[in-house]
Every structure is written in structure tokens, then in C-alpha cells.
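Student: My structure is in my_file_29.txt, and what it holds is compact mmCIF, N, CA and C atoms:
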# COMPACT_ATOMS: atom_id res chain seq x y z
N MET A 16 -75.80 -5.56 35.75
CA MET A 16 -75.11 -5.12 36.94
C MET A 16 -74.25 -6.22 37.54
N VAL A 17 -74.79 -7.44 37.62
CA VAL A 17 -74.05 -8.57 38.17
C VAL A 17 -72.89 -8.93 37.25
N LYS A 18 -73.13 -8.88 35.92
CA LYS A 18 -72.06 -9.18 34.96
C LYS A 18 -70.92 -8.18 35.10
N GLY A 19 -71.23 -6.92 35.29
CA GLY A 19 -70.21 -5.88 35.44
C GLY A 19 -69.39 -6.10 36.71
N ALA A 20 -70.07 -6.41 37.81
CA ALA A 20 -69.36 -6.65 39.07
C ALA A 20 -68.50 -7.91 38.96
N LEU A 21 -69.01 -8.92 38.28
CA LEU A 21 -68.25 -10.15 38.08
C LEU A 21 -67.01 -9.89 37.22
N ALA A 22 -67.17 -9.08 36.19
CA ALA A 22 -66.04 -8.74 35.32
C ALA A 22 -64.97 -7.96 36.10
N VAL A 23 -65.39 -7.03 36.91
CA VAL A 23 -64.44 -6.26 37.73
C VAL A 23 -63.73 -7.20 38.71
N ALA A 24 -64.46 -8.09 39.34
CA ALA A 24 -63.87 -9.04 40.29
C ALA A 24 -62.85 -9.94 39.59
N ILE A 25 -63.14 -10.36 38.37
CA ILE A 25 -62.21 -11.21 37.61
C ILE A 25 -60.95 -10.43 37.27
N VAL A 26 -61.10 -9.19 36.86
CA VAL A 26 -59.93 -8.35 36.53
C VAL A 26 -59.07 -8.13 37.78
N ILE A 27 -59.69 -7.85 38.90
CA ILE A 27 -58.94 -7.64 40.14
C ILE A 27 -58.23 -8.92 40.55
N ALA A 28 -58.91 -10.05 40.46
CA ALA A 28 -58.31 -11.33 40.82
C ALA A 28 -57.13 -11.65 39.90
N ALA A 29 -57.27 -11.38 38.62
CA ALA A 29 -56.18 -11.63 37.67
C ALA A 29 -54.98 -10.73 37.96
N ALA A 30 -55.25 -9.47 38.25
CA ALA A 30 -54.16 -8.54 38.57
C ALA A 30 -53.44 -8.98 39.85
N PHE A 31 -54.19 -9.41 40.83
CA PHE A 31 -53.59 -9.87 42.09
C PHE A 31 -52.77 -11.14 41.85
N ALA A 32 -53.30 -12.07 41.07
CA ALA A 32 -52.58 -13.32 40.78
C ALA A 32 -51.28 -13.03 40.02
N TYR A 33 -51.31 -12.08 39.10
CA TYR A 33 -50.12 -11.72 38.35
C TYR A 33 -49.09 -11.02 39.24
N GLY A 34 -49.55 -10.13 40.07
CA GLY A 34 -48.64 -9.32 40.89
C GLY A 34 -48.18 -9.98 42.17
N TRP A 35 -48.84 -11.06 42.62
CA TRP A 35 -48.50 -11.68 43.88
C TRP A 35 -47.03 -12.13 43.97
N PRO A 36 -46.47 -12.80 42.97
CA PRO A 36 -45.05 -13.20 43.10
C PRO A 36 -44.12 -12.01 43.31
N TYR A 37 -44.39 -10.90 42.66
CA TYR A 37 -43.54 -9.72 42.80
C TYR A 37 -43.74 -9.06 44.16
N LEU A 38 -44.95 -9.02 44.65
CA LEU A 38 -45.23 -8.49 45.98
C LEU A 38 -44.55 -9.35 47.03
N ARG A 39 -44.61 -10.67 46.85
CA ARG A 39 -43.96 -11.60 47.77
C ARG A 39 -42.45 -11.36 47.79
N MET A 40 -41.84 -11.14 46.62
CA MET A 40 -40.41 -10.88 46.56
C MET A 40 -40.07 -9.54 47.20
N GLU A 41 -40.90 -8.54 46.98
CA GLU A 41 -40.66 -7.22 47.56
C GLU A 41 -40.69 -7.27 49.08
N LEU A 42 -41.52 -8.09 49.66
CA LEU A 42 -41.68 -8.16 51.10
C LEU A 42 -40.80 -9.22 51.76
N ALA A 43 -40.05 -9.98 50.98
CA ALA A 43 -39.23 -11.07 51.51
C ALA A 43 -38.10 -10.54 52.39
N THR A 44 -37.77 -11.30 53.42
CA THR A 44 -36.62 -10.96 54.26
C THR A 44 -35.37 -11.68 53.77
N SER A 45 -35.54 -12.76 53.01
CA SER A 45 -34.40 -13.47 52.46
C SER A 45 -34.85 -14.32 51.28
N ALA A 46 -33.87 -14.69 50.46
CA ALA A 46 -34.15 -15.57 49.32
C ALA A 46 -32.88 -16.32 48.97
N TYR A 47 -33.02 -17.56 48.57
CA TYR A 47 -31.93 -18.40 48.10
C TYR A 47 -32.35 -18.92 46.73
N TYR A 48 -31.51 -18.72 45.72
CA TYR A 48 -31.93 -19.04 44.37
C TYR A 48 -30.72 -19.27 43.48
N THR A 49 -30.98 -19.77 42.29
CA THR A 49 -29.93 -19.96 41.29
C THR A 49 -30.28 -19.11 40.07
N GLU A 50 -29.40 -19.11 39.11
CA GLU A 50 -29.64 -18.35 37.89
C GLU A 50 -30.82 -18.92 37.10
N GLN A 51 -31.13 -20.19 37.34
CA GLN A 51 -32.27 -20.81 36.65
C GLN A 51 -33.62 -20.37 37.21
N ASP A 52 -33.63 -19.82 38.41
CA ASP A 52 -34.85 -19.25 38.99
C ASP A 52 -35.00 -17.84 38.42
N GLU A 53 -35.52 -17.76 37.21
CA GLU A 53 -35.46 -16.54 36.41
C GLU A 53 -36.08 -15.32 37.09
N LYS A 54 -37.26 -15.46 37.68
CA LYS A 54 -37.91 -14.30 38.31
C LYS A 54 -37.08 -13.77 39.47
N GLU A 55 -36.63 -14.66 40.34
CA GLU A 55 -35.83 -14.24 41.48
C GLU A 55 -34.49 -13.65 41.02
N TYR A 56 -33.86 -14.31 40.05
CA TYR A 56 -32.58 -13.83 39.54
C TYR A 56 -32.71 -12.42 38.98
N GLU A 57 -33.71 -12.17 38.19
CA GLU A 57 -33.90 -10.84 37.60
C GLU A 57 -34.28 -9.81 38.65
N TYR A 58 -35.08 -10.21 39.62
CA TYR A 58 -35.58 -9.26 40.61
C TYR A 58 -34.52 -8.89 41.64
N TYR A 59 -33.81 -9.88 42.18
CA TYR A 59 -32.91 -9.62 43.29
C TYR A 59 -31.47 -9.28 42.90
N THR A 60 -30.98 -9.80 41.81
CA THR A 60 -29.55 -9.77 41.53
C THR A 60 -29.10 -8.45 40.92
N PRO A 61 -28.17 -7.73 41.59
CA PRO A 61 -27.65 -6.49 41.01
C PRO A 61 -26.75 -6.80 39.81
N GLU A 62 -26.62 -5.83 38.92
CA GLU A 62 -25.83 -6.00 37.70
C GLU A 62 -24.40 -6.43 38.01
N LEU A 63 -23.82 -5.91 39.08
CA LEU A 63 -22.45 -6.28 39.42
C LEU A 63 -22.32 -7.78 39.58
N LEU A 64 -23.29 -8.43 40.22
CA LEU A 64 -23.24 -9.88 40.39
C LEU A 64 -23.67 -10.63 39.14
N LYS A 65 -24.57 -10.06 38.37
CA LYS A 65 -24.97 -10.71 37.11
C LYS A 65 -23.78 -10.82 36.16
N ASN A 66 -22.91 -9.83 36.17
CA ASN A 66 -21.77 -9.81 35.26
C ASN A 66 -20.49 -10.37 35.86
N MET A 67 -20.56 -10.82 37.10
CA MET A 67 -19.40 -11.39 37.80
C MET A 67 -18.90 -12.63 37.07
N PRO A 68 -17.57 -12.77 36.88
CA PRO A 68 -17.08 -13.99 36.25
C PRO A 68 -17.45 -15.21 37.10
N ARG A 69 -17.90 -16.25 36.47
CA ARG A 69 -18.29 -17.48 37.16
C ARG A 69 -17.04 -18.32 37.37
N ILE A 70 -16.46 -18.25 38.55
CA ILE A 70 -15.20 -18.92 38.82
C ILE A 70 -15.39 -20.37 39.25
N SER A 71 -16.62 -20.82 39.27
CA SER A 71 -16.95 -22.20 39.59
C SER A 71 -18.26 -22.55 38.88
N ASP A 72 -18.42 -23.82 38.54
CA ASP A 72 -19.69 -24.25 37.95
C ASP A 72 -20.79 -24.38 39.00
N ALA A 73 -20.39 -24.47 40.26
CA ALA A 73 -21.35 -24.62 41.36
C ALA A 73 -21.46 -23.28 42.09
N TYR A 74 -22.48 -22.51 41.75
CA TYR A 74 -22.67 -21.21 42.39
C TYR A 74 -24.14 -20.98 42.63
N SER A 75 -24.43 -20.14 43.62
CA SER A 75 -25.81 -19.81 43.95
C SER A 75 -25.86 -18.38 44.47
N PHE A 76 -27.07 -17.89 44.59
CA PHE A 76 -27.30 -16.50 45.00
C PHE A 76 -28.12 -16.47 46.27
N GLU A 77 -27.94 -15.37 47.01
CA GLU A 77 -28.72 -15.14 48.22
C GLU A 77 -29.09 -13.67 48.28
N PHE A 78 -30.20 -13.40 48.92
CA PHE A 78 -30.65 -12.03 49.18
C PHE A 78 -31.01 -11.95 50.64
N GLY A 79 -30.63 -10.87 51.28
CA GLY A 79 -31.02 -10.66 52.67
C GLY A 79 -31.46 -9.23 52.90
N ASN A 80 -32.60 -9.09 53.54
CA ASN A 80 -33.12 -7.78 53.92
C ASN A 80 -32.67 -7.56 55.36
N VAL A 81 -31.59 -6.80 55.54
CA VAL A 81 -30.91 -6.70 56.82
C VAL A 81 -31.69 -5.87 57.84
N SER A 82 -32.20 -4.74 57.44
CA SER A 82 -32.89 -3.87 58.40
C SER A 82 -34.08 -3.19 57.74
N GLY A 83 -35.05 -3.99 57.38
CA GLY A 83 -36.22 -3.43 56.72
C GLY A 83 -35.84 -2.95 55.33
N PRO A 84 -36.45 -1.88 54.87
CA PRO A 84 -36.16 -1.41 53.51
C PRO A 84 -34.85 -0.61 53.43
N GLU A 85 -34.14 -0.48 54.53
CA GLU A 85 -32.96 0.38 54.55
C GLU A 85 -31.69 -0.26 54.05
N ALA A 86 -31.48 -1.55 54.27
CA ALA A 86 -30.22 -2.18 53.85
C ALA A 86 -30.48 -3.59 53.33
N HIS A 87 -29.84 -3.90 52.22
CA HIS A 87 -29.96 -5.21 51.60
C HIS A 87 -28.57 -5.78 51.34
N VAL A 88 -28.46 -7.10 51.42
CA VAL A 88 -27.22 -7.78 51.10
C VAL A 88 -27.51 -8.78 49.98
N TYR A 89 -26.75 -8.66 48.89
CA TYR A 89 -26.87 -9.54 47.74
C TYR A 89 -25.59 -10.37 47.67
N THR A 90 -25.71 -11.67 47.50
CA THR A 90 -24.55 -12.56 47.60
C THR A 90 -24.50 -13.52 46.43
N ILE A 91 -23.28 -13.79 45.96
CA ILE A 91 -23.03 -14.92 45.07
C ILE A 91 -21.98 -15.78 45.75
N ARG A 92 -22.25 -17.07 45.82
CA ARG A 92 -21.38 -18.02 46.50
C ARG A 92 -20.89 -19.04 45.47
N PHE A 93 -19.56 -19.09 45.32
CA PHE A 93 -18.92 -20.05 44.40
C PHE A 93 -18.37 -21.21 45.23
N ASN A 94 -19.01 -22.35 45.13
CA ASN A 94 -18.56 -23.53 45.87
C ASN A 94 -17.45 -24.23 45.10
N GLY A 95 -16.48 -24.79 45.83
CA GLY A 95 -15.37 -25.49 45.21
C GLY A 95 -14.35 -24.57 44.57
N ALA A 96 -14.33 -23.32 44.96
CA ALA A 96 -13.40 -22.34 44.40
C ALA A 96 -12.55 -21.75 45.53
N SER A 97 -11.33 -21.36 45.18
CA SER A 97 -10.48 -20.68 46.16
C SER A 97 -9.69 -19.53 45.54
N ASP A 98 -9.58 -19.50 44.23
CA ASP A 98 -8.82 -18.46 43.55
C ASP A 98 -9.75 -17.29 43.24
N GLN A 99 -9.48 -16.17 43.87
CA GLN A 99 -10.36 -15.01 43.70
C GLN A 99 -9.78 -13.96 42.75
N ARG A 100 -8.70 -14.27 42.06
CA ARG A 100 -8.04 -13.27 41.20
C ARG A 100 -8.96 -12.76 40.10
N GLN A 101 -9.77 -13.62 39.48
CA GLN A 101 -10.69 -13.15 38.43
C GLN A 101 -11.73 -12.18 38.99
N VAL A 102 -12.19 -12.44 40.18
CA VAL A 102 -13.16 -11.55 40.82
C VAL A 102 -12.50 -10.21 41.14
N GLN A 103 -11.29 -10.24 41.67
CA GLN A 103 -10.57 -9.00 41.97
C GLN A 103 -10.34 -8.19 40.70
N ALA A 104 -9.94 -8.85 39.61
CA ALA A 104 -9.73 -8.14 38.34
C ALA A 104 -11.03 -7.55 37.82
N TYR A 105 -12.14 -8.28 37.97
CA TYR A 105 -13.44 -7.78 37.53
C TYR A 105 -13.85 -6.55 38.34
N LEU A 106 -13.68 -6.62 39.66
CA LEU A 106 -14.04 -5.48 40.51
C LEU A 106 -13.20 -4.25 40.14
N THR A 107 -11.92 -4.46 39.91
CA THR A 107 -11.05 -3.35 39.52
C THR A 107 -11.51 -2.75 38.19
N ALA A 108 -11.82 -3.60 37.22
CA ALA A 108 -12.29 -3.12 35.92
C ALA A 108 -13.63 -2.39 36.03
N ALA A 109 -14.44 -2.77 37.03
CA ALA A 109 -15.75 -2.14 37.23
C ALA A 109 -15.63 -0.83 38.03
N GLY A 110 -14.41 -0.41 38.37
CA GLY A 110 -14.22 0.86 39.06
C GLY A 110 -14.12 0.76 40.57
N TYR A 111 -14.07 -0.45 41.11
CA TYR A 111 -13.95 -0.63 42.55
C TYR A 111 -12.48 -0.67 42.94
N ARG A 112 -12.20 -0.22 44.16
CA ARG A 112 -10.85 -0.24 44.69
C ARG A 112 -10.89 -0.94 46.05
N GLN A 113 -9.89 -1.78 46.27
CA GLN A 113 -9.80 -2.46 47.56
C GLN A 113 -9.48 -1.45 48.64
N GLN A 114 -10.18 -1.54 49.76
CA GLN A 114 -9.99 -0.63 50.87
C GLN A 114 -8.90 -1.14 51.80
N SER A 115 -8.22 -0.23 52.47
CA SER A 115 -7.15 -0.62 53.37
C SER A 115 -7.69 -1.23 54.66
N ALA A 116 -8.90 -0.90 55.03
CA ALA A 116 -9.52 -1.44 56.25
C ALA A 116 -10.91 -1.97 55.94
N CYS A 117 -11.32 -2.94 56.73
CA CYS A 117 -12.64 -3.55 56.52
C CYS A 117 -13.21 -3.90 57.90
N ASP A 118 -14.50 -3.70 58.08
CA ASP A 118 -15.15 -3.98 59.37
C ASP A 118 -15.31 -5.47 59.63
N VAL A 119 -15.17 -6.29 58.60
CA VAL A 119 -15.29 -7.74 58.74
C VAL A 119 -14.00 -8.38 58.25
N GLU A 120 -13.82 -9.65 58.53
CA GLU A 120 -12.62 -10.35 58.09
C GLU A 120 -12.80 -10.76 56.64
N ALA A 121 -12.53 -9.81 55.77
CA ALA A 121 -12.70 -9.99 54.33
C ALA A 121 -12.00 -8.84 53.63
N GLU A 122 -11.99 -8.88 52.32
CA GLU A 122 -11.56 -7.73 51.54
C GLU A 122 -12.78 -6.86 51.30
N CYS A 123 -12.66 -5.58 51.51
CA CYS A 123 -13.75 -4.64 51.23
C CYS A 123 -13.36 -3.81 50.02
N TRP A 124 -14.31 -3.62 49.13
CA TRP A 124 -14.11 -2.87 47.90
C TRP A 124 -15.15 -1.78 47.82
N ARG A 125 -14.77 -0.60 47.34
CA ARG A 125 -15.69 0.53 47.17
C ARG A 125 -15.45 1.16 45.80
N SER A 126 -16.48 1.81 45.31
CA SER A 126 -16.41 2.58 44.07
C SER A 126 -16.92 3.98 44.37
N PRO A 127 -16.31 5.01 43.78
CA PRO A 127 -16.83 6.36 43.99
C PRO A 127 -18.19 6.58 43.33
N ASP A 128 -18.60 5.66 42.47
CA ASP A 128 -19.86 5.80 41.74
C ASP A 128 -21.07 5.25 42.48
N THR A 129 -20.86 4.60 43.62
CA THR A 129 -21.97 3.97 44.33
C THR A 129 -21.69 3.98 45.83
N LYS A 130 -22.72 3.82 46.62
CA LYS A 130 -22.58 3.70 48.07
C LYS A 130 -22.40 2.24 48.49
N ASP A 131 -22.46 1.32 47.54
CA ASP A 131 -22.34 -0.10 47.84
C ASP A 131 -20.98 -0.43 48.44
N ILE A 132 -20.97 -1.38 49.35
CA ILE A 132 -19.74 -1.95 49.87
C ILE A 132 -19.71 -3.41 49.41
N VAL A 133 -18.65 -3.79 48.73
CA VAL A 133 -18.50 -5.15 48.23
C VAL A 133 -17.47 -5.85 49.09
N THR A 134 -17.86 -7.00 49.63
CA THR A 134 -16.91 -7.80 50.39
C THR A 134 -16.59 -9.07 49.64
N LEU A 135 -15.33 -9.47 49.71
CA LEU A 135 -14.84 -10.67 49.04
C LEU A 135 -14.24 -11.56 50.12
N ILE A 136 -14.80 -12.75 50.27
CA ILE A 136 -14.41 -13.65 51.34
C ILE A 136 -14.02 -14.99 50.74
N THR A 137 -12.93 -15.57 51.22
CA THR A 137 -12.52 -16.91 50.81
C THR A 137 -12.56 -17.82 52.03
N TYR A 138 -13.31 -18.91 51.90
CA TYR A 138 -13.40 -19.91 52.96
C TYR A 138 -12.58 -21.13 52.54
N THR A 139 -12.02 -21.83 53.52
CA THR A 139 -11.19 -22.99 53.20
C THR A 139 -11.82 -24.32 53.60
N SER A 140 -12.88 -24.31 54.36
CA SER A 140 -13.46 -25.57 54.76
C SER A 140 -14.98 -25.49 54.74
N PRO A 141 -15.62 -25.84 53.68
CA PRO A 141 -15.09 -26.25 52.38
C PRO A 141 -14.68 -25.02 51.56
N ASP A 142 -13.91 -25.29 50.52
CA ASP A 142 -13.45 -24.20 49.65
C ASP A 142 -14.64 -23.48 49.02
N SER A 143 -14.65 -22.16 49.18
CA SER A 143 -15.67 -21.35 48.51
C SER A 143 -15.21 -19.90 48.52
N VAL A 144 -15.69 -19.18 47.53
CA VAL A 144 -15.46 -17.75 47.43
C VAL A 144 -16.83 -17.09 47.45
N VAL A 145 -16.98 -16.08 48.30
CA VAL A 145 -18.26 -15.40 48.47
C VAL A 145 -18.07 -13.92 48.18
N VAL A 146 -18.95 -13.37 47.36
CA VAL A 146 -18.95 -11.95 47.07
C VAL A 146 -20.30 -11.40 47.55
N GLN A 147 -20.23 -10.38 48.40
CA GLN A 147 -21.45 -9.76 48.91
C GLN A 147 -21.48 -8.29 48.56
N VAL A 148 -22.66 -7.83 48.18
CA VAL A 148 -22.88 -6.42 47.94
C VAL A 148 -23.81 -5.92 49.03
N TYR A 149 -23.29 -5.03 49.87
CA TYR A 149 -24.11 -4.41 50.92
C TYR A 149 -24.59 -3.09 50.38
N ARG A 150 -25.90 -2.94 50.29
CA ARG A 150 -26.50 -1.73 49.70
C ARG A 150 -27.40 -1.05 50.72
N SER A 151 -27.08 0.20 50.97
CA SER A 151 -27.86 1.02 51.90
C SER A 151 -27.95 2.42 51.31
N PRO A 152 -29.03 3.14 51.58
CA PRO A 152 -29.11 4.51 51.07
C PRO A 152 -28.15 5.46 51.77
N TYR A 153 -27.55 4.99 52.85
CA TYR A 153 -26.65 5.83 53.62
C TYR A 153 -25.22 5.43 53.34
N GLY A 154 -24.37 6.37 53.03
CA GLY A 154 -22.95 6.10 52.83
C GLY A 154 -22.20 6.23 54.13
N GLU A 155 -20.98 5.74 54.13
CA GLU A 155 -20.15 5.86 55.33
C GLU A 155 -19.46 7.18 55.35
Please go through the file and, once you have read it, give me the structure as C-alpha cells.
Tutor:
Amino acid sequence: MVKGALAVAIVIAAAFAYGWPYLRMELATSAYYTEQDEKEYEYYTPELLKNMPRISDAYSFEFGNVSGPEAHVYTIRFNGASDQRQVQAYLTAAGYRQQSACDVEAECWRSPDTKDIVTLITYTSPDSVVVQVYRSPYGE
């Protein structure tokens, strides 16, 4: 009886230890990571950003849980970059179209295939290009 209870406790502890990193990521409000952080990169990064042309050797990723489980923001930040033409060409090839208006000071891109809003921002001090994917179950 004791051996059986001990075996069950070991199995539960092992399952919890294995699943804890994923549970922690699921409940996170934010994350900052690079492509070398394999678990975070695979868990948080949408395909659009995984396939984004790397316009700088210095880039990193961010995740933000904006309003609970309802809206998430996924970001790739290219430091030391200012030319966004490759990103624009990639978004166009992926079916996105630049919008005539944007709620923020950036370029906004939409695709008829998704509810995602993609923003493209260029900063000049210091030079960087930022691409954000705003994902919500609600469309505009």
C-alpha cells in the first residue's frame, strides 16, 4: 500500500515538474527572450514572426498579455536597423495590406485571413525597427 502511494506521488511530482515551465509560460503576463531560448521561442512566437526576415543581427522577442486571456502582443525588435523595406515586402507576400489609418503612430497592416493587427514602427534614437502582432479574438 505504501509502495503504491509512493509510486503515485512520484508520478504526480514528475508530471508537475515536467509541466511547470509550460504552466508558468501560460500564466505569464510578459516575457523577454531570444531565439536561443528555445522553449519560450516555440511557445510564444507566432509563425509570422518566426518567418520574418532578420534585418539585423541584433534582435529579440517580447510577449505581452495585455488584458488577461483576451489580447496578446507579440513583438520582434531589430536593434541597429532602420530600413523596413524587407519587412514590408514580407508582410505583403504573406497577404497583409497596409491600412490607410492606424490608431498608433506606426504602419498598421491587416490580412483578411486573420484578426491580427500588425504594426511596424521605426525608431531613430537609437535606430530600431519593431514589428508587433496584436492578437485578440475580437475583430474590429
Student: Using all atoms listed in the file, determine which residues lie at most 8 Å from Met67 in chain A, disregarding the query and same-chain residues fewer than 6 positions distant; provide the list as a list in words.
Tutor: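 The neighbour list is Pro61, Gln101, Val102, Tyr105 and Leu106 of chain A.
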Student: Interatomic distance between CA of Ile136 in chain A and CA of Gln51 in chain A?
Tutor: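 According to the coordinates, CA of Ile136 in chain A and CA of Gln51 in chain A are separated by 24.2 Å.
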Student: If you measure from CA of Tyr47 in chain A to CA of Ser75 in chain A, what distance in Å do you get, rounded to one decimal?
Tutor: 7.5 Å
Student: Kindly provide, as a ChimeraX atom specification, the polymer residues lying within 7 Å of (-18.9, -1.4, 46.8), counting all atoms listed in the file and using the coordinates exactly as they appear in the file.
Tutor: /A:111,123-126,129-134,148-149
Student: Would you mind reading off the distance between CA of Ala108 in chain A and CA of Ser143 in chain A, one decimal, in Å?
Tutor: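 Rounded to one decimal, the two atoms are 22.4 Å apart.
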Student: Could you list, as a list in words, every residue within 7 Å of Gly95 in chain A, counting only C-alpha atoms and ignoring same-chain residues fewer than 2 positions away?
Tutor: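 The neighbour list is Ser71, Phe93, Ser97, Asp142 and Ser143 of chain A.
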